[in-house]
>>> print(open('entry-v4.cif').read())   # mmCIF, C-alpha atoms; chains and numbers go by the auth columns
data_target
#
loop_
_atom_site.group_PDB
_atom_site.id
_atom_site.type_symbol
_atom_site.label_atom_id
_atom_site.label_comp_id
_atom_site.label_asym_id
_atom_site.label_seq_id
_atom_site.Cartn_x
_atom_site.Cartn_y
_atom_site.Cartn_z
_atom_site.B_iso_or_equiv
_atom_site.auth_seq_id
_atom_site.auth_asym_id
ATOM 1 C CA PHE A 1 -16.352 12.651 12.181 0.00 291 A
ATOM 2 C CA ARG A 2 -16.027 10.025 14.897 0.00 292 A
ATOM 3 C CA GLY A 3 -18.681 7.342 14.563 0.00 293 A
ATOM 4 C CA CYS A 4 -20.097 8.597 11.246 0.00 294 A
ATOM 5 C CA SER A 5 -21.035 5.111 10.053 0.00 295 A
ATOM 6 C CA GLY A 6 -22.519 6.387 6.770 0.00 296 A
ATOM 7 C CA LEU A 7 -19.365 8.196 5.646 0.00 297 A
ATOM 8 C CA SER A 8 -17.847 6.325 2.684 0.00 298 A
ATOM 9 C CA SER A 9 -15.095 8.570 1.284 0.00 299 A
ATOM 10 C CA VAL A 10 -13.155 11.657 2.298 0.00 300 A
ATOM 11 C CA THR A 11 -10.885 14.076 0.436 0.00 301 A
ATOM 12 C CA ILE A 12 -9.000 16.151 2.981 0.00 302 A
ATOM 13 C CA PRO A 13 -8.207 19.667 1.685 0.00 303 A
ATOM 14 C CA GLU A 14 -4.670 21.004 1.443 0.00 304 A
ATOM 15 C CA SER A 15 -5.362 23.566 4.160 0.00 305 A
ATOM 16 C CA VAL A 16 -5.266 20.743 6.721 0.00 306 A
ATOM 17 C CA THR A 17 -1.905 20.121 8.394 0.00 307 A
ATOM 18 C CA SER A 18 -2.914 17.572 11.030 0.00 308 A
ATOM 19 C CA ILE A 19 -5.527 14.810 11.294 0.00 309 A
ATOM 20 C CA GLY A 20 -6.520 14.960 14.946 0.00 310 A
ATOM 21 C CA ASP A 21 -7.013 12.251 17.533 0.00 311 A
ATOM 22 C CA TYR A 22 -10.150 10.126 16.956 0.00 312 A
ATOM 23 C CA ALA A 23 -10.984 12.158 13.811 0.00 313 A
ATOM 24 C CA PHE A 24 -12.480 9.213 11.864 0.00 314 A
ATOM 25 C CA ARG A 25 -12.639 6.563 14.556 0.00 315 A
ATOM 26 C CA GLY A 26 -15.424 4.065 13.988 0.00 316 A
ATOM 27 C CA CYS A 27 -16.293 5.260 10.464 0.00 317 A
ATOM 28 C CA SER A 28 -16.968 1.668 9.494 0.00 318 A
ATOM 29 C CA ARG A 29 -17.963 2.427 5.887 0.00 319 A
ATOM 30 C CA LEU A 30 -15.085 4.788 5.187 0.00 320 A
ATOM 31 C CA SER A 31 -13.354 2.893 2.371 0.00 321 A
ATOM 32 C CA SER A 32 -11.396 5.720 0.733 0.00 322 A
ATOM 33 C CA VAL A 33 -9.431 8.686 2.071 0.00 323 A
ATOM 34 C CA THR A 34 -7.152 11.103 0.221 0.00 324 A
ATOM 35 C CA ILE A 35 -4.514 12.625 2.488 0.00 325 A
ATOM 36 C CA PRO A 36 -2.891 15.755 0.999 0.00 326 A
ATOM 37 C CA GLU A 37 0.793 16.692 1.044 0.00 327 A
ATOM 38 C CA SER A 38 0.045 19.392 3.636 0.00 328 A
ATOM 39 C CA VAL A 39 -0.631 16.886 6.446 0.00 329 A
ATOM 40 C CA THR A 40 2.332 16.247 8.747 0.00 330 A
ATOM 41 C CA THR A 41 0.697 14.318 11.602 0.00 331 A
ATOM 42 C CA ILE A 42 -1.890 11.542 11.801 0.00 332 A
ATOM 43 C CA GLY A 43 -3.267 11.472 15.312 0.00 333 A
ATOM 44 C CA TYR A 44 -3.968 8.891 17.972 0.00 334 A
ATOM 45 C CA TYR A 45 -6.860 6.569 16.974 0.00 335 A
ATOM 46 C CA ALA A 46 -7.425 8.755 13.868 0.00 336 A
ATOM 47 C CA PHE A 47 -8.794 5.942 11.642 0.00 337 A
ATOM 48 C CA TYR A 48 -9.343 3.269 14.272 0.00 338 A
ATOM 49 C CA ARG A 49 -11.859 0.609 13.172 0.00 339 A
ATOM 50 C CA SER A 50 -12.603 2.388 9.884 0.00 340 A
ATOM 51 C CA GLY A 51 -13.450 0.594 6.634 0.00 341 A
ATOM 52 C CA LEU A 52 -10.304 1.557 4.722 0.00 342 A
ATOM 53 C CA SER A 53 -8.976 -1.044 2.280 0.00 343 A
ATOM 54 C CA SER A 54 -5.713 0.712 1.387 0.00 344 A
ATOM 55 C CA VAL A 55 -3.754 3.699 2.658 0.00 345 A
ATOM 56 C CA THR A 56 -0.998 5.796 1.096 0.00 346 A
ATOM 57 C CA ILE A 57 0.803 8.084 3.542 0.00 347 A
ATOM 58 C CA PRO A 58 2.084 11.141 1.608 0.00 348 A
ATOM 59 C CA GLU A 59 5.590 12.604 1.665 0.00 349 A
ATOM 60 C CA SER A 60 4.663 15.337 4.146 0.00 350 A
ATOM 61 C CA VAL A 61 3.676 13.031 7.022 0.00 351 A
ATOM 62 C CA THR A 62 6.306 12.489 9.708 0.00 352 A
ATOM 63 C CA THR A 63 4.247 11.001 12.557 0.00 353 A
ATOM 64 C CA ILE A 64 1.640 8.227 12.709 0.00 354 A
ATOM 65 C CA GLY A 65 0.031 8.116 16.131 0.00 355 A
ATOM 66 C CA GLY A 66 -0.712 5.104 18.280 0.00 356 A
ATOM 67 C CA TYR A 67 -3.706 2.987 17.208 0.00 357 A
ATOM 68 C CA ALA A 68 -4.107 5.287 14.173 0.00 358 A
ATOM 69 C CA PHE A 69 -5.189 2.429 11.862 0.00 359 A
ATOM 70 C CA ALA A 70 -5.744 -0.333 14.408 0.00 360 A
ATOM 71 C CA ASN A 71 -8.647 -2.738 13.945 0.00 361 A
ATOM 72 C CA CYS A 72 -9.133 -1.745 10.295 0.00 362 A
ATOM 73 C CA PHE A 73 -10.252 -5.229 9.369 0.00 363 A
ATOM 74 C CA ARG A 74 -10.526 -4.493 5.620 0.00 364 A
ATOM 75 C CA LEU A 75 -7.114 -2.859 5.308 0.00 365 A
ATOM 76 C CA SER A 76 -4.995 -4.884 2.890 0.00 366 A
ATOM 77 C CA SER A 77 -2.276 -2.492 1.651 0.00 367 A
ATOM 78 C CA VAL A 78 -0.276 0.324 3.270 0.00 368 A
ATOM 79 C CA THR A 79 2.385 2.534 1.695 0.00 369 A
ATOM 80 C CA ILE A 80 4.543 4.697 3.963 0.00 370 A
ATOM 81 C CA SER A 81 6.495 7.613 2.488 0.00 371 A
ATOM 82 C CA GLU A 82 10.171 8.384 3.093 0.00 372 A
ATOM 83 C CA SER A 83 9.280 11.255 5.408 0.00 373 A
ATOM 84 C CA VAL A 84 7.755 9.111 8.189 0.00 374 A
ATOM 85 C CA THR A 85 10.055 9.112 11.222 0.00 375 A
ATOM 86 C CA PHE A 86 7.746 7.823 13.973 0.00 376 A
ATOM 87 C CA ILE A 87 5.051 5.119 14.235 0.00 377 A
ATOM 88 C CA GLY A 88 3.088 4.811 17.475 0.00 378 A
ATOM 89 C CA ASP A 89 2.216 1.764 19.524 0.00 379 A
ATOM 90 C CA TYR A 90 -0.396 -0.543 17.946 0.00 380 A
ATOM 91 C CA ALA A 91 -0.690 1.838 14.964 0.00 381 A
ATOM 92 C CA PHE A 92 -1.714 -1.045 12.656 0.00 382 A
ATOM 93 C CA ALA A 93 -2.689 -3.643 15.251 0.00 383 A
ATOM 94 C CA ASN A 94 -5.262 -6.292 14.326 0.00 384 A
ATOM 95 C CA CYS A 95 -5.299 -5.381 10.625 0.00 385 A
ATOM 96 C CA THR A 96 -5.804 -9.049 9.922 0.00 386 A
ATOM 97 C CA LYS A 97 -6.180 -8.746 6.135 0.00 387 A
ATOM 98 C CA LEU A 98 -3.008 -6.714 5.630 0.00 388 A
ATOM 99 C CA TYR A 99 -0.893 -8.523 3.038 0.00 389 A
ATOM 100 C CA GLU A 100 1.616 -5.827 2.051 0.00 390 A
ATOM 101 C CA PHE A 101 3.313 -3.031 3.945 0.00 391 A
ATOM 102 C CA ILE A 102 5.517 -0.844 1.742 0.00 392 A
ATOM 103 C CA CYS A 103 7.893 1.241 3.852 0.00 393 A
ATOM 104 C CA ASN A 104 10.024 3.729 1.927 0.00 394 A
ATOM 105 C CA PRO A 105 12.237 5.317 4.630 0.00 395 A
ATOM 106 C CA ILE A 106 15.866 4.239 4.210 0.00 396 A
ATOM 107 C CA ASN A 107 16.271 4.064 7.984 0.00 397 A
ATOM 108 C CA ILE A 108 13.638 2.284 10.044 0.00 398 A
ATOM 109 C CA PRO A 109 11.265 4.828 11.659 0.00 399 A
ATOM 110 C CA GLN A 110 11.310 5.173 15.410 0.00 400 A
ATOM 111 C CA TYR A 111 8.468 3.273 17.029 0.00 401 A
ATOM 112 C CA ILE A 112 6.958 2.495 20.393 0.00 402 A
ATOM 113 C CA GLY A 113 5.851 -0.950 21.553 0.00 403 A
ATOM 114 C CA ASN A 114 4.382 -3.145 18.816 0.00 404 A
ATOM 115 C CA PRO A 115 2.859 -1.165 15.905 0.00 405 A
ATOM 116 C CA PHE A 116 2.088 -4.398 14.024 0.00 406 A
ATOM 117 C CA TYR A 117 0.430 -6.588 16.622 0.00 407 A
ATOM 118 C CA ALA A 118 -1.530 -9.459 14.987 0.00 408 A
ATOM 119 C CA ILE A 119 -1.347 -8.116 11.439 0.00 409 A
ATOM 120 C CA GLY A 120 -2.042 -10.112 8.306 0.00 410 A
ATOM 121 C CA GLY A 121 -2.562 -13.489 9.907 0.00 411 A
ATOM 122 C CA GLY A 122 1.207 -14.038 9.897 0.00 412 A
ATOM 123 C CA TRP A 123 1.638 -13.753 6.109 0.00 413 A
ATOM 124 C CA CYS A 124 1.976 -10.002 5.526 0.00 414 A
ATOM 125 C CA ARG A 125 5.087 -9.031 3.552 0.00 415 A
ATOM 126 C CA LEU A 126 7.198 -5.965 4.315 0.00 416 A
ATOM 127 C CA TYR A 127 8.715 -4.201 1.281 0.00 417 A
ATOM 128 C CA VAL A 128 11.625 -1.824 1.935 0.00 418 A
ATOM 129 C CA SER A 129 13.982 0.159 -0.298 0.00 419 A
ATOM 130 C CA LYS A 130 17.211 -1.546 -1.302 0.00 420 A
ATOM 131 C CA GLY A 131 19.975 -0.507 1.077 0.00 421 A
ATOM 132 C CA SER A 132 17.597 0.201 3.967 0.00 422 A
ATOM 133 C CA THR A 133 18.793 -0.319 7.521 0.00 423 A
ATOM 134 C CA GLY A 134 17.263 -1.476 10.789 0.00 424 A
ATOM 135 C CA TYR A 135 14.227 -3.331 9.471 0.00 425 A
ATOM 136 C CA ASP A 136 15.384 -6.662 10.858 0.00 426 A
ATOM 137 C CA ALA A 137 13.830 -5.448 14.107 0.00 427 A
ATOM 138 C CA TRP A 138 10.425 -5.852 12.471 0.00 428 A
ATOM 139 C CA SER A 139 11.024 -9.386 11.229 0.00 429 A
ATOM 140 C CA PRO A 140 8.904 -10.983 14.012 0.00 430 A
ATOM 141 C CA TYR A 141 5.829 -9.177 12.688 0.00 431 A
ATOM 142 C CA PHE A 142 6.107 -10.026 8.987 0.00 432 A
ATOM 143 C CA ALA A 143 6.262 -13.244 7.011 0.00 433 A
ATOM 144 C CA GLU A 144 9.045 -11.858 4.839 0.00 434 A
ATOM 145 C CA ILE A 145 11.076 -8.682 4.351 0.00 435 A
ATOM 146 C CA ILE A 146 11.772 -7.928 0.683 0.00 436 A
ATOM 147 C CA GLU A 147 14.172 -5.269 -0.572 0.00 437 A
ATOM 148 C CA VAL A 148 12.785 -3.415 -3.578 0.00 438 A
ATOM 149 C CA ASP A 149 15.013 -1.993 -6.291 0.00 439 A
ATOM 150 C CA PHE A 150 13.074 -0.505 -9.187 0.00 440 A
ATOM 151 C CA GLY A 151 16.144 -0.891 -11.384 0.00 441 A
ATOM 152 C CA GLY A 152 15.231 2.072 -13.546 0.00 442 A
ATOM 153 C CA ILE A 153 11.482 1.492 -13.417 0.00 443 A
ATOM 154 C CA ASP A 154 9.483 4.665 -12.872 0.00 444 A
ATOM 155 C CA ALA A 155 7.770 4.887 -9.501 0.00 445 A
ATOM 156 C CA PRO A 156 4.349 3.204 -9.508 0.00 446 A
ATOM 157 C CA ARG A 157 1.180 5.227 -9.225 0.00 447 A
ATOM 158 C CA GLU A 158 -2.193 4.402 -7.776 0.00 448 A
ATOM 159 C CA VAL A 159 -4.583 3.008 -10.376 0.00 449 A
ATOM 160 C CA ALA A 160 -8.366 3.113 -10.218 0.00 450 A
ATOM 161 C CA GLU A 161 -9.652 1.494 -13.416 0.00 451 A
ATOM 162 C CA THR A 162 -6.630 0.900 -15.653 0.00 452 A
ATOM 163 C CA ILE A 163 -5.441 -2.550 -14.547 0.00 453 A
ATOM 164 C CA ARG A 164 -7.445 -5.366 -12.985 0.00 454 A
ATOM 165 C CA ILE A 165 -6.778 -9.014 -12.214 0.00 455 A
ATOM 166 C CA ILE A 166 -9.682 -11.233 -13.191 0.00 456 A
ATOM 167 C CA GLY A 167 -9.130 -14.879 -12.364 0.00 457 A
ATOM 168 C CA ARG A 168 -5.674 -15.642 -13.738 0.00 458 A
ATOM 169 C CA ASN A 169 -5.674 -12.860 -16.310 0.00 459 A
ATOM 170 C CA LEU A 170 -4.313 -9.333 -16.224 0.00 460 A
ATOM 171 C CA MET A 171 -6.809 -6.950 -17.820 0.00 461 A
ATOM 172 C CA VAL A 172 -5.879 -3.483 -19.088 0.00 462 A
ATOM 173 C CA GLU A 173 -8.697 -0.954 -19.429 0.00 463 A
ATOM 174 C CA ASN A 174 -9.196 2.692 -20.383 0.00 464 A
ATOM 175 C CA VAL A 175 -5.821 3.118 -22.024 0.00 465 A
ATOM 176 C CA ALA A 176 -4.643 3.075 -25.654 0.00 466 A
ATOM 177 C CA LEU A 177 -1.768 0.600 -25.572 0.00 467 A
ATOM 178 C CA GLN A 178 1.185 1.072 -27.895 0.00 468 A
ATOM 179 C CA GLY A 179 3.668 -1.748 -27.421 0.00 469 A
ATOM 180 C CA ASN A 180 4.331 -4.456 -24.891 0.00 470 A
ATOM 181 C CA ILE A 181 3.162 -4.983 -21.346 0.00 471 A
ATOM 182 C CA SER A 182 6.225 -5.645 -19.171 0.00 472 A
ATOM 183 C CA ILE A 183 6.067 -7.273 -15.736 0.00 473 A
ATOM 184 C CA TYR A 184 8.856 -6.861 -13.159 0.00 474 A
ATOM 185 C CA ASN A 185 9.385 -8.436 -9.753 0.00 475 A
ATOM 186 C CA PRO A 186 10.123 -6.266 -6.659 0.00 476 A
ATOM 187 C CA SER A 187 13.863 -6.523 -7.362 0.00 477 A
ATOM 188 C CA GLY A 188 13.417 -4.832 -10.733 0.00 478 A
ATOM 189 C CA GLN A 189 14.008 -7.985 -12.770 0.00 479 A
ATOM 190 C CA LEU A 190 11.970 -8.362 -15.953 0.00 480 A
ATOM 191 C CA ILE A 191 9.706 -11.399 -15.623 0.00 481 A
ATOM 192 C CA ARG A 192 8.033 -11.173 -19.003 0.00 482 A
ATOM 193 C CA SER A 193 7.200 -8.732 -21.778 0.00 483 A
ATOM 194 C CA VAL A 194 4.287 -9.509 -24.069 0.00 484 A
ATOM 195 C CA ILE A 195 1.987 -7.939 -26.607 0.00 485 A
ATOM 196 C CA PRO A 196 -1.577 -8.291 -25.265 0.00 486 A
ATOM 197 C CA ASP A 197 -4.516 -9.543 -27.232 0.00 487 A
ATOM 198 C CA PRO A 198 -5.603 -6.413 -29.164 0.00 488 A
ATOM 199 C CA SER A 199 -9.290 -7.085 -28.684 0.00 489 A
ATOM 200 C CA SER A 200 -9.387 -8.084 -25.018 0.00 490 A
ATOM 201 C CA LYS A 201 -6.222 -6.279 -23.813 0.00 491 A
ATOM 202 C CA GLN A 202 -5.464 -9.073 -21.410 0.00 492 A
ATOM 203 C CA ILE A 203 -2.649 -11.521 -20.740 0.00 493 A
ATOM 204 C CA CYS A 204 -2.546 -14.769 -18.777 0.00 494 A
ATOM 205 C CA ILE A 205 -0.585 -14.638 -15.498 0.00 495 A
ATOM 206 C CA ASP A 206 -0.848 -18.308 -14.545 0.00 496 A
ATOM 207 C CA ASP A 207 2.940 -18.497 -14.313 0.00 497 A
ATOM 208 C CA LEU A 208 3.257 -15.750 -11.700 0.00 498 A
ATOM 209 C CA ASP A 209 3.635 -16.656 -8.033 0.00 499 A
ATOM 210 C CA LYS A 210 1.625 -14.849 -5.388 0.00 500 A
ATOM 211 C CA GLY A 211 2.987 -11.440 -4.442 0.00 501 A
ATOM 212 C CA MET A 212 3.667 -7.918 -5.630 0.00 502 A
ATOM 213 C CA TYR A 213 4.741 -7.027 -9.171 0.00 503 A
ATOM 214 C CA PHE A 214 5.202 -3.866 -11.234 0.00 504 A
ATOM 215 C CA VAL A 215 3.570 -3.587 -14.650 0.00 505 A
ATOM 216 C CA VAL A 216 4.914 -1.119 -17.216 0.00 506 A
ATOM 217 C CA LEU A 217 2.490 -0.005 -19.919 0.00 507 A
ATOM 218 C CA GLN A 218 3.459 1.736 -23.147 0.00 508 A
ATOM 219 C CA SER A 219 0.773 4.186 -24.251 0.00 509 A
ATOM 220 C CA ALA A 220 0.678 7.410 -26.281 0.00 510 A
ATOM 221 C CA GLY A 221 4.457 7.557 -26.505 0.00 511 A
ATOM 222 C CA ALA A 222 4.962 7.320 -22.742 0.00 512 A
ATOM 223 C CA SER A 223 5.309 4.574 -20.167 0.00 513 A
ATOM 224 C CA THR A 224 3.542 4.275 -16.830 0.00 514 A
ATOM 225 C CA THR A 225 4.255 1.897 -13.980 0.00 515 A
ATOM 226 C CA HIS A 226 1.518 0.255 -11.930 0.00 516 A
ATOM 227 C CA LYS A 227 1.683 -1.934 -8.839 0.00 517 A
ATOM 228 C CA ILE A 228 -0.333 -5.158 -8.829 0.00 518 A
ATOM 229 C CA ILE A 229 -0.842 -7.932 -6.317 0.00 519 A
ATOM 230 C CA VAL A 230 -1.264 -11.492 -7.600 0.00 520 A
ATOM 231 C CA PRO A 231 -3.510 -13.301 -5.084 0.00 521 A
#
>>> encode(input="entry-v4.cif", output="structure tokens")
Amino acid sequence: FRGCSGLSSVTIPESVTSIGDYAFRGCSRLSSVTIPESVTTIGYYAFYRSGLSSVTIPESVTTIGGYAFANCFRLSSVTISESVTFIGDYAFANCTKLYEFICNPINIPQYIGNPFYAIGGGWCRLYVSKGSTGYDAWSPYFAEIIEVDFGGIDAPREVAETIRIIGRNLMVENVALQGNISIYNPSGQLIRSVIPDPSSKQICIDDLDKGMYFVVLQSAGASTTHKIIVP
């Protein structure tokens, strides 16, 4: 699919075990990709200069090749699963809008050269699991390294149209709320728990600093956790 400038989204089937070198290079309008649990390797230059805005690397992937996501100028959020053991040189280089890099492996993955050259304009934050080791080696590339401890919070899931931030308000949509909305910081500390306006289903977040938070919703007798970024 190299150079397919009209390609906007891709769902890779579970029969695929490897995304080859240059597979989606230069797909400038490719804003969404779903990588299945069957994939173990993301190749060299696989998504170079694509239009992706966020990427979640599934549990099956162990290797991210060199330049795999380099020059993705719209990429703002990356989540790396615990299974990743190797990140190639310049894998995320020049992703200038990257503001969060969530890296779940307890031990820092092996890497070559500088996977994070010129990322995030110097203000990208690295989130790692509490008790992780070795990540100090990446401190020159990130504005801050933050240890995350969910403290009993369920793991967050990707959300399409359930939670949005509009101005300085948190808006909840397409869900029947039953109870409070609870907001936690990355360390698992409860920041606030409120009952939203029943008509608008929104709460003011003027008091929240910029950064990542976890929002727990109570609905239909169950709770779900969602990741948000306060700009």
>>> resolve_selection(input="entry-v4.cif", expression="the PyMOL selection byres ((chain A and resi 380) around 8)", output="mmCIF file with C-alpha atoms, in the coordinates of the input")
data_model
loop_
_atom_site.group_PDB
_atom_site.id
_atom_site.type_symbol
_atom_site.label_atom_id
_atom_site.label_comp_id
_atom_site.auth_asym_id
_atom_site.auth_seq_id
_atom_site.Cartn_x
_atom_site.Cartn_y
_atom_site.Cartn_z
ATOM 1 C CA GLY A 356 -0.712 5.104 18.280
ATOM 2 C CA TYR A 357 -3.706 2.987 17.208
ATOM 3 C CA ALA A 358 -4.107 5.287 14.173
ATOM 4 C CA ALA A 360 -5.744 -0.333 14.408
ATOM 5 C CA GLY A 378 3.088 4.811 17.475
ATOM 6 C CA ASP A 379 2.216 1.764 19.524
ATOM 7 C CA ALA A 381 -0.690 1.838 14.964
ATOM 8 C CA PHE A 382 -1.714 -1.045 12.656
ATOM 9 C CA ALA A 383 -2.689 -3.643 15.251
ATOM 10 C CA GLY A 403 5.851 -0.950 21.553
ATOM 11 C CA ASN A 404 4.382 -3.145 18.816
ATOM 12 C CA PRO A 405 2.859 -1.165 15.905
ATOM 13 C CA PHE A 406 2.088 -4.398 14.024
ATOM 14 C CA TYR A 407 0.430 -6.588 16.622
#
>>> resolve_selection(input="entry-v4.cif", expression="the PyMOL selection byres ((chain A and resi 293) around 6)", output="MDAnalysis selection string")
chainID A and resid 292 294:295 316:317
>>> atom_distance(input="entry-v4.cif", atom1="CA of Ser371 (chain A)", atom2="CA of Val351 (chain A)")
7.6 Å
>>> residues_around(input="entry-v4.cif", residues="Ile347 (chain A)", least_positions_apart="2", cutoff="9 Å", atoms="only C-alpha atoms", output="count of residues only")
12
>>> axis_aligned_box(input="entry-v4.cif", around="region 292-309 of chain A", padding_each_side="3 Å", output="JSON")
{"center_x": -12.2, "center_y": 14.3, "center_z": 7.7, "size_x": 26.6, "size_y": 24.5, "size_z": 20.5}
>>> closest_residue(input="entry-v4.cif", among="A:Asn475, A:Ser366, A:Ser483, A:Thr331", to="Leu498 (chain A)", atoms="all atoms listed in the file")
A:Asn475
>>> closest_residue(input="entry-v4.cif", among="A:Ser422, A:Ser429, A:Ser299, A:Thr307", to="Ser328 (chain A)", atoms="all atoms listed in the file")
A:Thr307
>>> resolve_selection(input="entry-v4.cif", expression="the PyMOL selection byres ((chain A and resi 414) around 8)", output="list in words")
Leu388, Tyr389, Glu390, Phe391, Ile409, Gly410, Gly411, Gly412, Trp413, Arg415, Leu416, Phe432, Ala433 and Glu434 of chain A
>>> write_last_selection(input="entry-v4.cif", atoms="C-alpha atoms", output="PDB file, in the coordinates of the input")
ATOM      1  CA  LEU A 388      -3.008  -6.714   5.630  1.00  0.00           C
ATOM      2  CA  TYR A 389      -0.893  -8.523   3.038  1.00  0.00           C
ATOM      3  CA  GLU A 390       1.616  -5.827   2.051  1.00  0.00           C
ATOM      4  CA  PHE A 391       3.313  -3.031   3.945  1.00  0.00           C
ATOM      5  CA  ILE A 409      -1.347  -8.116  11.439  1.00  0.00           C
ATOM      6  CA  GLY A 410      -2.042 -10.112   8.306  1.00  0.00           C
ATOM      7  CA  GLY A 411      -2.562 -13.489   9.907  1.00  0.00           C
ATOM      8  CA  GLY A 412       1.207 -14.038   9.897  1.00  0.00           C
ATOM      9  CA  TRP A 413       1.638 -13.753   6.109  1.00  0.00           C
ATOM     10  CA  ARG A 415       5.087  -9.031   3.552  1.00  0.00           C
ATOM     11  CA  LEU A 416       7.198  -5.965   4.315  1.00  0.00           C
ATOM     12  CA  PHE A 432       6.107 -10.026   8.987  1.00  0.00           C
ATOM     13  CA  ALA A 433       6.262 -13.244   7.011  1.00  0.00           C
ATOM     14  CA  GLU A 434       9.045 -11.858   4.839  1.00  0.00           C
TER      15      GLU A 434
END
